[in-house]
$ cat structure-v2.cif   # mmCIF, C-alpha atoms
data_run
#
loop_
_atom_site.label_atom_id
_atom_site.label_comp_id
_atom_site.auth_asym_id
_atom_site.auth_seq_id
_atom_site.Cartn_x
_atom_site.Cartn_y
_atom_site.Cartn_z
CA MET A 462 8.86 102.84 29.08
CA ALA A 463 5.63 100.88 29.41
CA ARG A 464 2.42 102.91 29.46
CA LEU A 465 0.76 103.36 32.83
CA PRO A 466 -2.72 101.89 33.38
CA SER A 467 -5.28 104.67 32.99
CA ASN A 468 -7.03 103.86 36.27
CA LEU A 469 -3.89 103.63 38.40
CA ALA A 470 -4.69 106.56 40.71
CA ALA A 471 -8.18 105.16 41.29
CA LEU A 472 -6.73 101.76 42.19
CA PHE A 473 -4.39 103.36 44.70
CA THR A 474 -7.27 105.40 46.12
CA GLN A 475 -9.10 102.18 46.93
CA ALA A 476 -5.95 100.56 48.29
CA LEU A 477 -5.39 103.51 50.60
CA LYS A 478 -8.95 103.32 51.90
CA THR A 479 -8.46 99.66 52.72
CA PHE A 480 -5.20 100.38 54.52
CA GLU A 481 -6.63 103.30 56.50
CA SER A 482 -9.55 101.18 57.69
CA SER A 483 -7.16 98.59 59.12
CA ASP A 484 -5.00 98.59 62.25
CA SER A 485 -1.82 98.23 60.22
CA THR A 486 0.95 100.79 60.37
CA PHE A 487 2.71 99.46 57.25
CA ARG A 488 1.49 97.74 54.10
CA VAL A 489 2.91 96.90 50.70
CA LEU A 490 0.24 97.96 48.22
CA CYS A 491 1.89 96.90 44.99
CA SER A 492 4.94 94.97 43.79
CA LEU A 493 6.56 95.27 40.39
CA PRO A 494 8.70 92.19 39.81
CA SER A 495 11.61 91.98 37.48
CA THR A 496 9.52 89.81 35.20
CA ALA A 497 12.33 88.50 33.03
CA PRO A 498 15.70 87.03 34.11
CA LEU A 499 18.56 89.51 34.02
CA SER A 500 20.02 87.54 31.13
CA SER A 501 16.97 88.33 29.02
CA SER A 502 16.78 91.29 26.65
CA THR A 503 13.17 91.98 27.60
CA PRO A 504 13.24 95.66 28.63
CA SER A 505 10.00 96.37 30.43
CA PRO A 506 8.42 95.10 33.64
CA THR A 507 4.76 94.26 33.85
CA THR A 508 2.18 97.02 33.34
CA THR A 509 -0.61 95.29 35.23
CA PRO A 510 -0.78 96.50 38.84
CA VAL A 511 -1.51 94.03 41.60
CA LEU A 512 -2.46 96.33 44.42
CA VAL A 513 -4.46 94.44 47.06
CA PRO A 514 -2.99 92.22 48.25
CA ALA A 515 0.59 92.33 47.01
CA GLU A 516 2.29 88.93 46.93
CA SER A 517 5.03 88.18 49.44
CA PRO A 518 8.36 87.04 47.96
CA PRO A 519 8.89 83.28 48.03
CA ARG A 520 11.95 83.69 50.28
CA PRO A 521 13.11 86.47 52.58
CA PRO A 522 15.31 88.95 50.69
CA ARG A 523 18.87 89.53 51.85
CA TYR A 524 18.57 93.31 51.66
CA ILE A 525 15.68 95.74 51.45
CA PHE A 526 16.75 99.09 50.01
CA VAL A 527 14.28 101.53 51.54
CA LEU A 528 13.70 104.87 49.84
CA ASP A 529 11.51 106.85 52.21
CA SER A 530 10.33 110.09 50.61
CA SER A 531 7.35 112.33 49.93
CA PHE A 532 7.67 111.47 46.20
CA ASN A 533 6.20 114.84 45.22
CA PRO A 534 7.37 113.88 42.62
CA PRO A 535 9.96 111.07 42.43
CA THR A 536 13.01 112.44 40.63
CA LEU A 537 16.16 111.34 38.86
CA ALA A 538 18.05 112.11 42.08
CA HIS A 539 15.95 109.42 43.76
CA ARG A 540 16.75 107.07 40.88
CA ARG A 541 20.49 107.71 41.23
CA MET A 542 20.32 106.75 44.91
CA VAL A 543 18.60 103.45 44.11
CA LEU A 544 20.78 102.49 41.15
CA SER A 545 23.91 103.37 43.11
CA ALA A 546 22.91 100.87 45.79
CA LEU A 547 22.04 98.23 43.20
CA SER A 548 25.50 98.69 41.64
CA ASP A 549 27.44 98.45 44.90
CA PRO A 550 29.37 95.18 45.28
CA ARG A 551 28.99 95.42 49.06
CA TYR A 552 25.40 94.33 48.60
CA SER A 553 25.98 91.65 45.99
CA THR A 554 24.00 88.49 46.55
CA PRO A 555 26.53 85.73 47.34
CA VAL A 556 27.01 83.19 44.58
CA SER A 557 28.29 79.66 44.80
CA HIS A 558 31.93 78.84 44.13
CA ILE A 559 32.95 78.86 40.47
CA THR A 560 35.37 76.11 39.53
CA ASP A 561 38.11 77.49 37.31
CA ASN A 562 38.83 75.78 34.00
CA HIS A 563 41.25 76.77 31.27
CA GLU A 564 41.31 80.36 29.97
CA GLY A 565 39.12 81.62 32.80
CA GLN A 566 36.19 79.39 31.85
CA GLY A 567 34.26 77.79 34.65
CA ALA A 568 30.99 76.24 35.70
CA PRO A 569 28.20 78.80 36.03
CA ALA A 570 27.34 79.92 39.51
CA THR A 571 24.21 78.59 41.09
CA PRO A 572 21.79 81.42 41.83
CA SER A 573 21.57 82.31 45.49
CA ALA A 574 18.43 81.50 47.43
CA SER A 575 18.14 85.14 48.47
CA SER A 576 17.93 88.40 46.62
CA SER A 577 17.34 92.09 47.23
CA ARG A 578 14.29 94.29 46.86
CA VAL A 579 13.70 98.01 46.60
CA LEU A 580 11.00 99.46 48.86
CA LEU A 581 9.48 102.83 47.94
CA LEU A 582 7.87 104.03 51.15
CA LEU A 583 5.33 106.86 51.45
CA ALA A 584 4.39 108.11 54.91
CA ILE A 585 0.75 109.17 55.17
CA ASN A 586 0.73 110.00 58.88
CA ASN A 587 -0.64 113.46 58.01
CA ALA A 588 -3.63 112.03 56.16
CA ASP A 589 -6.00 114.31 58.05
CA LYS A 590 -4.47 117.24 56.18
CA ALA A 591 -5.02 117.21 52.43
CA PRO A 592 -1.61 116.61 50.79
CA LYS A 593 -0.65 119.04 48.06
CA PRO A 594 0.09 119.77 45.39
CA ALA A 595 -0.16 116.06 44.45
CA SER A 596 -2.55 113.80 46.36
CA PHE A 597 -1.37 110.55 47.92
CA PRO A 598 -2.95 108.40 45.15
CA GLN A 599 -1.27 110.57 42.53
CA ARG A 600 2.08 110.24 44.30
CA LEU A 601 1.65 106.47 44.48
CA ALA A 602 0.89 106.40 40.75
CA MET A 603 4.09 108.35 40.08
CA MET A 604 5.95 105.91 42.35
CA TYR A 605 4.62 103.12 40.14
CA ALA A 606 6.04 104.85 37.05
CA PHE A 607 9.28 105.42 38.96
CA ALA A 608 9.44 101.72 39.87
CA GLN A 609 9.15 100.82 36.19
CA ASP A 610 12.01 103.20 35.50
CA ILE A 611 14.19 101.56 38.17
CA LEU A 612 13.62 98.08 36.78
CA ALA A 613 14.29 99.22 33.21
CA SER A 614 17.48 100.99 34.35
CA SER A 615 18.90 98.26 36.58
CA PRO A 616 22.69 97.85 36.34
CA ALA A 617 22.54 94.51 34.53
CA LYS A 618 20.18 95.84 31.88
CA GLN A 619 22.39 98.86 31.33
CA VAL A 620 25.25 96.55 30.29
CA GLY A 621 23.30 94.43 27.85
CA GLY A 622 21.37 92.22 30.23
CA THR A 623 24.34 90.35 31.67
CA GLN A 624 24.60 90.21 35.42
CA THR A 625 28.05 90.25 36.99
CA GLN A 626 29.09 89.28 40.49
CA SER A 627 29.26 92.99 41.41
CA ASP A 628 25.62 93.62 40.44
CA VAL A 629 22.89 93.30 43.04
CA SER A 630 19.99 91.13 42.00
CA CYS A 631 16.81 93.22 42.30
CA GLU A 632 13.95 90.81 42.65
CA ALA A 633 11.23 93.47 42.67
CA VAL A 634 10.31 97.03 43.55
CA ASP A 635 7.66 97.29 46.27
CA ILE A 636 5.41 100.31 46.80
CA ALA A 637 4.22 100.73 50.37
CA VAL A 638 2.63 103.16 52.79
CA THR A 639 3.06 103.71 56.50
CA THR A 640 1.57 105.83 59.25
CA GLU A 641 4.80 105.87 61.22
CA PRO A 642 6.57 109.25 61.22
CA TYR A 643 10.13 108.30 62.21
CA PHE A 644 12.82 106.05 60.77
CA HIS A 645 13.10 103.79 63.80
CA ALA A 646 9.33 103.24 63.93
CA LYS A 647 9.17 102.58 60.20
CA ALA A 648 11.98 100.04 60.44
CA ARG A 649 10.20 98.30 63.31
CA ALA A 650 6.94 98.13 61.34
CA ILE A 651 8.72 96.70 58.29
CA ALA A 652 10.56 94.11 60.38
CA ALA A 653 7.31 93.07 62.06
CA SER A 654 5.45 92.74 58.76
CA ALA A 655 4.85 89.23 57.48
CA PHE A 656 5.41 90.43 53.91
CA TYR A 657 9.18 89.99 53.84
CA ARG A 658 9.32 86.68 55.73
CA GLY A 659 8.75 84.64 52.58
CA VAL A 660 6.07 82.10 51.80
CA GLU A 661 8.07 79.18 50.45
CA GLY A 662 8.10 76.30 52.92
CA THR A 663 7.94 76.37 56.69
CA ASP A 664 11.53 75.57 57.68
CA THR A 665 13.25 78.87 58.41
CA THR A 666 16.30 77.29 60.06
CA GLY A 667 19.38 79.32 59.24
CA SER A 668 17.45 82.12 57.56
CA ALA A 669 18.09 85.65 58.73
CA ALA A 670 15.77 88.62 58.73
CA ALA A 671 16.28 90.98 55.83
CA GLU A 672 18.65 93.85 56.50
CA GLN A 673 17.05 97.21 55.80
CA VAL A 674 19.26 99.78 54.09
CA TYR A 675 17.81 103.29 54.17
CA LEU A 676 18.78 105.45 51.20
CA THR A 677 18.98 108.99 52.54
CA GLY A 678 20.58 112.35 51.95
CA TYR A 679 23.16 113.99 54.18
CA ASP A 680 20.59 116.43 55.55
CA THR A 681 18.54 113.48 56.83
CA LEU A 682 21.59 112.07 58.61
CA ILE A 683 21.94 115.34 60.52
CA ARG A 684 18.28 115.18 61.61
CA ILE A 685 18.45 111.55 62.72
CA PHE A 686 21.07 112.37 65.36
CA ASN A 687 19.54 115.65 66.51
CA PRO A 688 18.79 115.21 70.23
CA LYS A 689 15.70 117.42 70.03
CA TYR A 690 13.79 114.53 68.42
CA TYR A 691 14.47 112.29 71.45
CA PRO A 692 12.96 113.80 74.60
CA GLY A 693 14.11 112.49 77.93
CA ASP A 694 17.46 111.27 76.58
CA SER A 695 15.64 108.53 74.62
CA MET A 696 17.91 108.29 71.57
CA ARG A 697 19.32 104.89 72.50
CA THR A 698 15.89 103.49 73.30
CA ALA A 699 14.64 104.61 69.89
CA LEU A 700 17.64 103.80 67.71
CA ASP A 701 19.09 100.64 69.27
CA PRO A 702 16.37 98.48 67.63
CA PHE A 703 16.81 100.39 64.35
CA PHE A 704 20.53 99.76 64.03
CA ALA A 705 20.03 96.15 65.11
CA HIS A 706 18.53 95.34 61.71
CA ALA A 707 19.05 98.45 59.56
CA GLY A 708 21.74 100.77 58.27
CA LEU A 709 22.01 104.10 56.50
CA ARG A 710 23.40 104.67 53.02
CA VAL A 711 23.87 108.42 52.92
CA THR A 712 24.29 110.36 49.69
CA MET A 713 26.50 113.38 50.25
CA ARG A 714 25.14 116.83 49.43
CA THR A 715 28.06 119.11 48.70
CA ASP A 716 26.75 122.67 48.64
CA ASP A 717 26.82 125.89 50.61
CA ASP A 718 24.26 124.60 53.12
CA TRP A 719 25.98 121.32 54.01
CA GLY A 720 29.66 121.86 53.21
CA ASP A 721 32.06 120.03 50.93
CA GLU A 722 32.88 116.33 50.80
CA ALA A 723 35.71 116.62 53.31
CA ALA A 724 33.43 118.28 55.87
CA GLN A 725 30.79 115.58 55.52
CA VAL A 726 33.32 112.76 55.81
CA ALA A 727 34.76 114.49 58.88
CA TYR A 728 31.29 114.65 60.46
CA LEU A 729 30.83 110.88 60.15
CA GLU A 730 34.32 110.28 61.54
CA GLU A 731 33.48 112.56 64.44
CA LEU A 732 30.34 110.55 65.17
CA GLY A 733 32.41 107.39 65.43
CA ALA A 734 35.05 109.07 67.56
CA GLY A 735 32.69 109.99 70.36
CA GLY A 736 30.26 112.44 68.84
CA LEU A 737 27.39 109.96 69.03
CA GLU A 738 28.00 109.34 72.72
CA ALA A 739 27.95 113.09 73.32
CA VAL A 740 24.40 113.43 71.93
CA GLY A 741 23.04 110.31 73.65
CA GLY A 742 23.81 107.65 71.06
CA ARG A 743 26.37 104.85 70.66
CA VAL A 744 29.64 105.12 68.73
CA GLU A 745 29.13 101.67 67.16
CA TRP A 746 26.16 103.02 65.21
CA ALA A 747 28.68 104.81 62.99
CA ASP A 748 29.68 101.40 61.62
CA LYS A 749 26.16 101.06 60.17
CA ILE A 750 26.46 104.31 58.20
CA GLU A 751 28.10 104.65 54.81
CA LEU A 752 28.67 107.85 52.85
CA VAL A 753 28.47 107.71 49.05
CA HIS A 754 28.96 110.27 46.34
CA GLY A 755 25.97 112.10 44.92
CA ARG A 756 25.58 113.46 41.43
CA ARG A 757 28.45 113.66 38.99
CA GLY A 758 29.65 117.04 37.85
CA ASP A 759 27.84 116.75 34.51
CA GLU A 760 24.49 115.82 36.09
CA ALA A 761 21.81 118.41 36.77
CA VAL A 762 21.02 119.53 40.29
CA VAL A 763 17.60 118.03 41.02
CA SER A 764 14.94 119.16 43.47
CA SER A 765 11.16 119.07 43.67
CA THR A 766 11.16 122.87 43.47
CA LYS A 767 13.02 122.73 40.15
CA VAL A 768 10.51 120.17 38.88
CA ARG A 769 7.53 122.35 39.74
CA ASP A 770 9.15 125.43 38.26
CA ALA A 771 9.84 123.58 35.00
CA VAL A 772 6.22 122.42 34.82
CA ARG A 773 4.88 125.93 35.34
CA ARG A 774 7.16 127.20 32.55
CA GLU A 775 6.12 124.23 30.38
CA ASP A 776 9.82 123.49 29.95
CA TRP A 777 9.34 119.83 29.03
CA GLU A 778 12.89 119.42 27.76
CA GLY A 779 14.28 120.74 31.04
CA LEU A 780 11.86 118.54 32.97
CA GLY A 781 13.41 115.52 31.26
CA GLU A 782 16.66 116.25 33.10
CA LEU A 783 14.83 116.10 36.44
CA VAL A 784 12.31 113.23 36.31
CA GLY A 785 11.80 110.04 34.33
CA GLU A 786 9.69 109.61 31.23
CA GLY A 787 6.79 107.86 32.94
CA VAL A 788 6.60 110.49 35.68
CA ILE A 789 6.61 113.26 33.06
CA SER A 790 3.72 111.58 31.24
CA PHE A 791 1.68 111.30 34.43
CA ILE A 792 2.39 114.93 35.39
CA ARG A 793 1.28 116.19 31.98
CA GLU A 794 -1.77 113.97 31.66
CA ASN A 795 -3.01 114.98 35.13
CA GLU A 796 -1.90 118.62 34.90
CA LEU A 797 0.03 118.39 38.15
CA TYR A 798 2.03 121.33 39.51
CA THR A 799 0.61 123.78 36.95
CA ASN A 800 -0.84 125.93 39.74
CA ASP A 801 1.47 124.89 42.53
CA ASP A 802 0.43 126.53 45.78
CA ARG A 803 2.98 124.42 47.71
#

$ encode --input "structure-v2.cif" --output "structure tokens"
Amino acid sequence: MARLPSNLAALFTQALKTFESSDSTFRVLCSLPSTAPLSSSTPSPTTTPVLVPAESPPRPPRYIFVLDSSFNPPTLAHRRMVLSALSDPRYSTPVSHITDNHEGQGAPATPSASSSRVLLLLAINNADKAPKPASFPQRLAMMYAFAQDILASSPAKQVGGTQTQSDVSCEAVDIAVTTEPYFHAKARAIAASAFYRGVEGTDTTGSAAAEQVYLTGYDTLIRIFNPKYYPGDSMRTALDPFFAHAGLRVTMRTDDDWGDEAAQVAYLEELGAGGLEAVGGRVEWADKIELVHGRRGDEAVVSSTKVRDAVRREDWEGLGELVGEGVISFIRENELYTNDDR
């Protein structure tokens, strides 16, 4: 893992001030590109932050995997959600036809003109109240370390640097902030942003807007379709634009609070069988929702509470099962969560 720049939190502090003084509701503060081709053995992305302004991709991405969280701190559970999406063949970037030769040999595929990006999104709509225990600049710095971890752990690099047709090409990890509090408003702000429209050329004929895929937990799915968040029977007004250009990739949480896998699958089936109409939504939205498995049986249960408890106990070995190496280093160097008043 590459070492974090020592002044990273200060850089994000300045970037936040610039954002808060603007009229924007969404801004990408920093982008960490996959600096070497996936066929390269180079393991680490760049360590030099480019915070203001971040560079737009040359072409619009095909998918934007949005991880919207408080990142207090980013954990290995967050990483599993991202890497699971990047390993899913449903999101593979299309490749050109491969002409078969003898013994399965063929001409190499021409890289696609589009790719996918990961967006780590931090909502700062409560900026008037001091965030704790970690400040927003500190969370952004940990997101930077987390982004490095994602790029170093991408599916292609985990199998020796060789990309297969089932791997999703991750062009970069973007770190962004927003003042919007709800999913549908965040999606609208991202879609309206010029950042993901691409800067290469002016002819956009045939190009489609990037599809946003929100990486969420099952508990978030329940909240999204809770009618209490949509006064005046406004669910369709709020969510029609969202599902027009976004979908939900929901990681199941099988525990006493949320039920087993069968119960969660049944809930989604119920939504598509009329349950969404009953709460003011549309049954076709269910087609934009996918349920995926969470942690494996041998993986630790991860939560921010467990992270903070491990820090207070100075259980650094246990902390390594909950967060990545770069995040651990930042927590220790900045003495975060040692006196966690929540």

$ resolve_selection --input "structure-v2.cif" --expression "the PyMOL selection byres ((chain A and resi 544) around 8)" --output "count of residues only"
12

$ resolve_selection --input "structure-v2.cif" --expression "the PyMOL selection byres ((chain A and resi 470) around 7)" --output "list in words"
Asn468, Leu469, Ala471, Leu472, Phe473, Thr474, Pro598, Gln599 and Ala602 of chain A

$ atom_distance --input "structure-v2.cif" --atom1 "atom CA of A:Leu465" --atom2 "atom CA of A:Leu528"
21.4 Å

$ residues_around --input "structure-v2.cif" --residues "A:Met696" --least-positions-apart "2" --cutoff "12 Å" --atoms "only C-alpha atoms" --output "NGL selection string"
:A and (645 or 685-694 or 698-704 or 737-743 or 746)

$ closest_residue --input "structure-v2.cif" --among "A:Leu581, A:Val634, A:Met604, A:Ala771" --to "A:Pro535" --atoms "all atoms listed in the file"
A:Met604

$ residues_around --input "structure-v2.cif" --residues "A:Leu537" --least-positions-apart "5" --cutoff "12 Å" --atoms "only C-alpha atoms" --output "short mmCIF file (atom, residue, chain, number, x, y, z; two decimals) with C-alpha atoms, keeping the file's coordinate frame"
data_model
loop_
_atom_site.label_atom_id
_atom_site.label_comp_id
_atom_site.auth_asym_id
_atom_site.auth_seq_id
_atom_site.Cartn_x
_atom_site.Cartn_y
_atom_site.Cartn_z
CA PHE A 532 7.67 111.47 46.20
CA MET A 542 20.32 106.75 44.91
CA VAL A 543 18.60 103.45 44.11
CA LEU A 544 20.78 102.49 41.15
CA SER A 545 23.91 103.37 43.11
CA PHE A 607 9.28 105.42 38.96
CA ALA A 608 9.44 101.72 39.87
CA ASP A 610 12.01 103.20 35.50
CA ILE A 611 14.19 101.56 38.17
CA SER A 614 17.48 100.99 34.35
CA GLY A 755 25.97 112.10 44.92
CA ARG A 756 25.58 113.46 41.43
CA GLU A 760 24.49 115.82 36.09
CA ALA A 761 21.81 118.41 36.77
CA VAL A 762 21.02 119.53 40.29
CA VAL A 763 17.60 118.03 41.02
CA SER A 764 14.94 119.16 43.47
CA SER A 765 11.16 119.07 43.67
CA LYS A 767 13.02 122.73 40.15
CA VAL A 768 10.51 120.17 38.88
CA LEU A 780 11.86 118.54 32.97
CA GLY A 781 13.41 115.52 31.26
CA GLU A 782 16.66 116.25 33.10
CA LEU A 783 14.83 116.10 36.44
CA VAL A 784 12.31 113.23 36.31
CA GLY A 785 11.80 110.04 34.33
CA GLU A 786 9.69 109.61 31.23
CA GLY A 787 6.79 107.86 32.94
CA VAL A 788 6.60 110.49 35.68
CA ILE A 789 6.61 113.26 33.06
#

$ closest_residue --input "structure-v2.cif" --among "A:Ser485, A:Ser695, A:Ser576, A:Asn586" --to "A:Gly659" --atoms "only C-alpha atoms"
A:Ser576

$ atom_distance --input "structure-v2.cif" --atom1 "atom CA of A:Ala515" --atom2 "atom CA of A:Leu490"
5.8 Å

$ resolve_selection --input "structure-v2.cif" --expression "the PyMOL selection byres ((chain A and resi 707) around 12)" --output "NGL selection string"
:A and (523-527 or 644-649 or 651-652 or 670-676 or 700-706 or 708-710 or 746 or 748-751)

$ write_last_selection --input "structure-v2.cif" --atoms "C-alpha atoms" --output "PDB file, keeping the file's coordinate frame"
ATOM      1  CA  ARG A 523      18.870  89.530  51.850  1.00  0.00           C
ATOM      2  CA  TYR A 524      18.570  93.310  51.660  1.00  0.00           C
ATOM      3  CA  ILE A 525      15.680  95.740  51.450  1.00  0.00           C
ATOM      4  CA  PHE A 526      16.750  99.090  50.010  1.00  0.00           C
ATOM      5  CA  VAL A 527      14.280 101.530  51.540  1.00  0.00           C
ATOM      6  CA  PHE A 644      12.820 106.050  60.770  1.00  0.00           C
ATOM      7  CA  HIS A 645      13.100 103.790  63.800  1.00  0.00           C
ATOM      8  CA  ALA A 646       9.330 103.240  63.930  1.00  0.00           C
ATOM      9  CA  LYS A 647       9.170 102.580  60.200  1.00  0.00           C
ATOM     10  CA  ALA A 648      11.980 100.040  60.440  1.00  0.00           C
ATOM     11  CA  ARG A 649      10.200  98.300  63.310  1.00  0.00           C
ATOM     12  CA  ILE A 651       8.720  96.700  58.290  1.00  0.00           C
ATOM     13  CA  ALA A 652      10.560  94.110  60.380  1.00  0.00           C
ATOM     14  CA  ALA A 670      15.770  88.620  58.730  1.00  0.00           C
ATOM     15  CA  ALA A 671      16.280  90.980  55.830  1.00  0.00           C
ATOM     16  CA  GLU A 672      18.650  93.850  56.500  1.00  0.00           C
ATOM     17  CA  GLN A 673      17.050  97.210  55.800  1.00  0.00           C
ATOM     18  CA  VAL A 674      19.260  99.780  54.090  1.00  0.00           C
ATOM     19  CA  TYR A 675      17.810 103.290  54.170  1.00  0.00           C
ATOM     20  CA  LEU A 676      18.780 105.450  51.200  1.00  0.00           C
ATOM     21  CA  LEU A 700      17.640 103.800  67.710  1.00  0.00           C
ATOM     22  CA  ASP A 701      19.090 100.640  69.270  1.00  0.00           C
ATOM     23  CA  PRO A 702      16.370  98.480  67.630  1.00  0.00           C
ATOM     24  CA  PHE A 703      16.810 100.390  64.350  1.00  0.00           C
ATOM     25  CA  PHE A 704      20.530  99.760  64.030  1.00  0.00           C
ATOM     26  CA  ALA A 705      20.030  96.150  65.110  1.00  0.00           C
ATOM     27  CA  HIS A 706      18.530  95.340  61.710  1.00  0.00           C
ATOM     28  CA  GLY A 708      21.740 100.770  58.270  1.00  0.00           C
ATOM     29  CA  LEU A 709      22.010 104.100  56.500  1.00  0.00           C
ATOM     30  CA  ARG A 710      23.400 104.670  53.020  1.00  0.00           C
ATOM     31  CA  TRP A 746      26.160 103.020  65.210  1.00  0.00           C
ATOM     32  CA  ASP A 748      29.680 101.400  61.620  1.00  0.00           C
ATOM     33  CA  LYS A 749      26.160 101.060  60.170  1.00  0.00           C
ATOM     34  CA  ILE A 750      26.460 104.310  58.200  1.00  0.00           C
ATOM     35  CA  GLU A 751      28.100 104.650  54.810  1.00  0.00           C
TER      36      GLU A 751
END

$ atom_distance --input "structure-v2.cif" --atom1 "atom CA of A:Cys491" --atom2 "atom CA of A:Ile636"
5.2 Å

$ residues_around --input "structure-v2.cif" --residues "A:Glu481" --least-positions-apart "6" --cutoff "10 Å" --atoms "only C-alpha atoms" --output "ChimeraX atom specification"
/A:475,585,588,638-640

$ residues_near_point --input "structure-v2.cif" --point "(5.9, 123.2, 43.2)" --cutoff "10 Å" --atoms "all atoms listed in the file" --output "short mmCIF file (atom, residue, chain, number, x, y, z; two decimals) with C-alpha atoms, keeping the file's coordinate frame"
data_model
loop_
_atom_site.label_atom_id
_atom_site.label_comp_id
_atom_site.auth_asym_id
_atom_site.auth_seq_id
_atom_site.Cartn_x
_atom_site.Cartn_y
_atom_site.Cartn_z
CA ASN A 533 6.20 114.84 45.22
CA PRO A 534 7.37 113.88 42.62
CA LYS A 593 -0.65 119.04 48.06
CA PRO A 594 0.09 119.77 45.39
CA ALA A 595 -0.16 116.06 44.45
CA SER A 764 14.94 119.16 43.47
CA SER A 765 11.16 119.07 43.67
CA THR A 766 11.16 122.87 43.47
CA LYS A 767 13.02 122.73 40.15
CA VAL A 768 10.51 120.17 38.88
CA ARG A 769 7.53 122.35 39.74
CA ASP A 770 9.15 125.43 38.26
CA ALA A 771 9.84 123.58 35.00
CA VAL A 772 6.22 122.42 34.82
CA ARG A 773 4.88 125.93 35.34
CA LEU A 797 0.03 118.39 38.15
CA TYR A 798 2.03 121.33 39.51
CA THR A 799 0.61 123.78 36.95
CA ASN A 800 -0.84 125.93 39.74
CA ASP A 801 1.47 124.89 42.53
CA ASP A 802 0.43 126.53 45.78
CA ARG A 803 2.98 124.42 47.71
#

$ closest_residue --input "structure-v2.cif" --among "A:Arg714, A:Gly736, A:Arg793, A:Thr486" --to "A:Thr677" --atoms "only C-alpha atoms"
A:Arg714

$ closest_residue --input "structure-v2.cif" --among "A:Ser654, A:Ser483, A:Ala747, A:Leu583" --to "A:Glu730" --atoms "only C-alpha atoms"
A:Ala747

$ closest_residue --input "structure-v2.cif" --among "A:Arg578, A:Arg774, A:Arg520, A:Arg684" --to "A:Pro494" --atoms "all atoms listed in the file"
A:Arg578

$ residues_around --input "structure-v2.cif" --residues "A:Asp718" --least-positions-apart "4" --cutoff "12 Å" --atoms "only C-alpha atoms" --output "PyMOL selection string"
chain A and resi 679-680+713-714+724-725

$ closest_residue --input "structure-v2.cif" --among "A:Ala606, A:Cys631, A:Leu601, A:Ala637" --to "A:Val489" --atoms "all atoms listed in the file"
A:Ala637
